[in-house]
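Enquirer: Next up is a structure, given as structure tokens.
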Amino acid sequence: MARYRKIGDILLAEGIITETQIKEAIAAQQKEGGKLGEILVKLGYVTEEQIVIALSKQLSISYVSLVSGKLKPAADQELEELVPHDFAVRNLVLPLFRNINSLTVVMFNPLDLILIDNLKKLTGCEINLIISTKADILKAIEAFYGKDSLLKDMIDAAAGDNIVTAEIRNVAQSDLSIDKLIEQAEEAPVIKLVDLIIKQAIDESASDIHIEPQFDKFSLRYRIDGMLYEMPSPAMSLYSPIVSRIKILSKMDIAEKRLPQDGSFMVKMGERIIDLRVSSLPTIYGEKVVMRILDKTRIPLDLAKLGFLPQELEMIRKGISSSYGLVFLTGPTGSGKSTTLYAALNELRSSTTNILTAEDPVEYRVEGINQVQVKPDIGLTFATALRCFMRQDPDIILVGEVRDLETAEICIKAALTGHLVLSTLHTNDAASTVTRLVDIGLPSYLVTASLRLIVAQRLIRKLCPQCKEPYEVKEEEIPKGVKLNSPVIYKAKGCEKCNFIGYKGRMVIPEIILMSDELREAIHNKCSPAQFMEIARHKGTMTLLESGIKRIEEGATSLEEVLSSTTIF
């Protein structure tokens, strides 16, 4: 290896790192061990791609990236049979093309001589090497073998394993002993299968995993961008071991199948810590399990990155900058209320501010904020937590949800005594928030005095930027009440980047009411929600539909998506 230039020398010569940085990395290497390139990446001085390019120059091996289009294996050479999918994923290697007894492969670690020798034995070919990054190889493997292949392979392997014997198949689930359930749940294939189900869901940016027993089959579905998608179904015989494994991880009672249960656990993927909230529900065919994936690294807790327009951001920031008052986020379950609240808190937090939250459950752990998990079964309700908060010298208080008069009264009291209070309500639009608070039992004069900002919101899917196509919408296709400034909009098509769905990711559409003297007068005069909204629109508020139309005209989403997420009165 002496004839090769060192990685550090190559990076220095190209001006990617400095002498000081290389010395710091060498010192860390001597202290902790490991490869110099990995340490430089960990310190943030270089990217993985820069290290791989330097390695390619060091070893005189060609480097290719995914964007170059050269990481696509040749068709009709049966390469997927030559190098099985599980081998490719496990070893980060992908066959590209074969020429008689010569096979060209892309690898992440071209210095792994044992892997190269194994490839020779596996394929019966001489191996020609190309190098690429780990991320690009994994994406290329997924594209070539099909994203469901690994899960299918794992399901087949688990189903064929001895964990499910004929004797077990013939025993009713309710008759299985606890020891047998635990034994099945801790079998290696089941552990791997559950790990893979969770990993694939996280890789697909899913928000929920649904595991549903039915009459004669076992259903697995992921919720991606608000829509449920069917995944390869495990055999019904694997249902009990998988559910037991999840309940063990979640610290739930695996013997209790008659009552709903809740639990949680955390998984680590690389440097990311991801929370999973688990809920089980007894159905006529067994327990349905739903795992909510809470990955704060995937969802930016930054108001500016949630999809708000500049004028909408200005209104929100003006509302939350008040030193006291009530701020409400409204909308149905799954509309992103919690994410917006956390983003607002993230913007407000500082070393000079005392922020307290009462949540059920705590969805994201945020540094610098005092978060309390509500536990009604032991008497720690929202109202109890709020009463305690008032003795904790708070500046800002977040209440997960206002559900009853007692909680609402304490929120009002806190808001009127110099605290900023943020919370959520389940209403269809912003104007209905006032009506809901009065219906709960709050006097209208207290609502008038305390309200500062109301934000109603929905999440809509964004068109895939790679494949969206322009479309001239016909007049008869536009519903009454919808006005488009341009007849040419965009619609979904579908490509490999978006799994042929046509949509990728989601964004928020809001309805924002920043309180004013006119609006307070309207509350005092007991105006209807429609009248209240009309006054708000004169003050710059856009309805959910109008906000959605803005996104349509910008080419960010489709007409169908906005109409499915908003209600036209």
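Within each chain, counting starts at residue 1; across the structure tokens, chains are named A, B, ... in the order shown, with ligands numbered 1 upward in that order.
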Using only C-alpha atoms, determine which residues lie at most 6 Å from stretch 92-96 of chain A, disregarding the query and same-chain residues fewer than 4 positions distant; provide the list as JSON, numbers by chain.
Expert: {"A": [73, 74, 88, 104, 105, 106, 107]}
Enquirer: Per DSSP on the backbone, filter stretch 228-452 of chain A down to the residues in strand (DSSP E) and report them as a count of residues only.
Expert: 60
Enquirer: Quick one: residues within 10 Å of A:Ile549, only C-alpha atoms, excluding same-chain residues fewer than 4 positions away - as a list in words?
Expert: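 Selected residues are Val482, Lys483, Leu484, Asn485, Ile509, Thr543, Leu544, Leu545, Glu553, Glu554, Gly555, Ala556, Thr557, Ser558, Leu559, Val562 and Leu563 of chain A.
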Enquirer: Save the residues we just selected, N, CA, C and O atoms, as a CSV table (one decimal), in the first residue's frame?
Expert:
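The resulting file, selection-v5.csv, is reproduced below:
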chain,number,residue,atom,x,y,z
A,482,VAL,N,-64.4,27.9,-6.8
A,482,VAL,CA,-62.9,27.8,-7.0
A,482,VAL,C,-62.6,28.7,-8.1
A,482,VAL,O,-63.1,28.6,-9.2
A,483,LYS,N,-61.6,29.6,-7.9
A,483,LYS,CA,-61.2,30.5,-8.9
A,483,LYS,C,-59.7,30.4,-9.1
A,483,LYS,O,-58.9,30.7,-8.2
A,484,LEU,N,-59.3,30.0,-10.3
A,484,LEU,CA,-57.9,29.9,-10.7
A,484,LEU,C,-57.5,31.0,-11.6
A,484,LEU,O,-58.2,31.4,-12.6
A,485,ASN,N,-56.4,31.7,-11.3
A,485,ASN,CA,-55.9,32.8,-12.1
A,485,ASN,C,-55.3,32.3,-13.4
A,485,ASN,O,-55.1,33.1,-14.3
A,509,ILE,N,-51.3,23.8,4.4
A,509,ILE,CA,-52.1,24.9,4.0
A,509,ILE,C,-52.9,25.4,5.2
A,509,ILE,O,-53.6,24.6,5.9
A,543,THR,N,-58.9,31.7,3.4
A,543,THR,CA,-59.5,30.4,3.8
A,543,THR,C,-58.6,29.3,3.4
A,543,THR,O,-57.6,29.4,2.7
A,544,LEU,N,-58.9,28.1,3.9
A,544,LEU,CA,-58.1,26.9,3.6
A,544,LEU,C,-58.1,26.7,2.1
A,544,LEU,O,-57.0,26.3,1.5
A,545,LEU,N,-59.2,26.8,1.5
A,545,LEU,CA,-59.3,26.6,0.0
A,545,LEU,C,-58.5,27.6,-0.7
A,545,LEU,O,-57.7,27.3,-1.7
A,553,GLU,N,-51.5,27.2,-7.9
A,553,GLU,CA,-50.9,28.2,-8.9
A,553,GLU,C,-49.4,28.2,-8.9
A,553,GLU,O,-48.8,28.6,-9.9
A,554,GLU,N,-48.8,27.9,-7.8
A,554,GLU,CA,-47.3,27.8,-7.7
A,554,GLU,C,-46.8,26.5,-8.3
A,554,GLU,O,-45.6,26.4,-8.4
A,555,GLY,N,-47.7,25.6,-8.6
A,555,GLY,CA,-47.2,24.3,-9.1
A,555,GLY,C,-46.8,23.3,-8.1
A,555,GLY,O,-46.2,22.3,-8.4
A,556,ALA,N,-47.1,23.6,-6.8
A,556,ALA,CA,-46.6,22.7,-5.7
A,556,ALA,C,-47.5,21.5,-5.5
A,556,ALA,O,-47.1,20.5,-5.0
A,557,THR,N,-48.8,21.6,-5.8
A,557,THR,CA,-49.8,20.5,-5.6
A,557,THR,C,-50.8,20.5,-6.8
A,557,THR,O,-50.8,21.4,-7.6
A,558,SER,N,-51.7,19.6,-6.7
A,558,SER,CA,-52.7,19.5,-7.7
A,558,SER,C,-54.1,20.0,-7.2
A,558,SER,O,-54.3,20.1,-6.0
A,559,LEU,N,-55.0,20.2,-8.2
A,559,LEU,CA,-56.3,20.7,-7.8
A,559,LEU,C,-57.1,19.6,-7.0
A,559,LEU,O,-57.7,19.8,-6.1
A,562,VAL,N,-56.0,19.4,-3.3
A,562,VAL,CA,-56.6,20.5,-2.5
A,562,VAL,C,-58.0,20.3,-2.2
A,562,VAL,O,-58.5,20.5,-1.1
A,563,LEU,N,-58.8,19.9,-3.2
A,563,LEU,CA,-60.2,19.7,-3.1
A,563,LEU,C,-60.5,18.6,-2.1
A,563,LEU,O,-61.5,18.6,-1.4
Enquirer: Could you please determine the separation between atom CA of A:Arg391 and atom CA of A:Tyr445 in Å, to one decimal place?
Expert: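 Distance reported for this atom pair: 25.8 Å.
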Enquirer: Could you please determine the separation between atom CA of A:Gln200 and atom CA of A:Met266 in Å, to one decimal place?
Expert: 15.5 Å
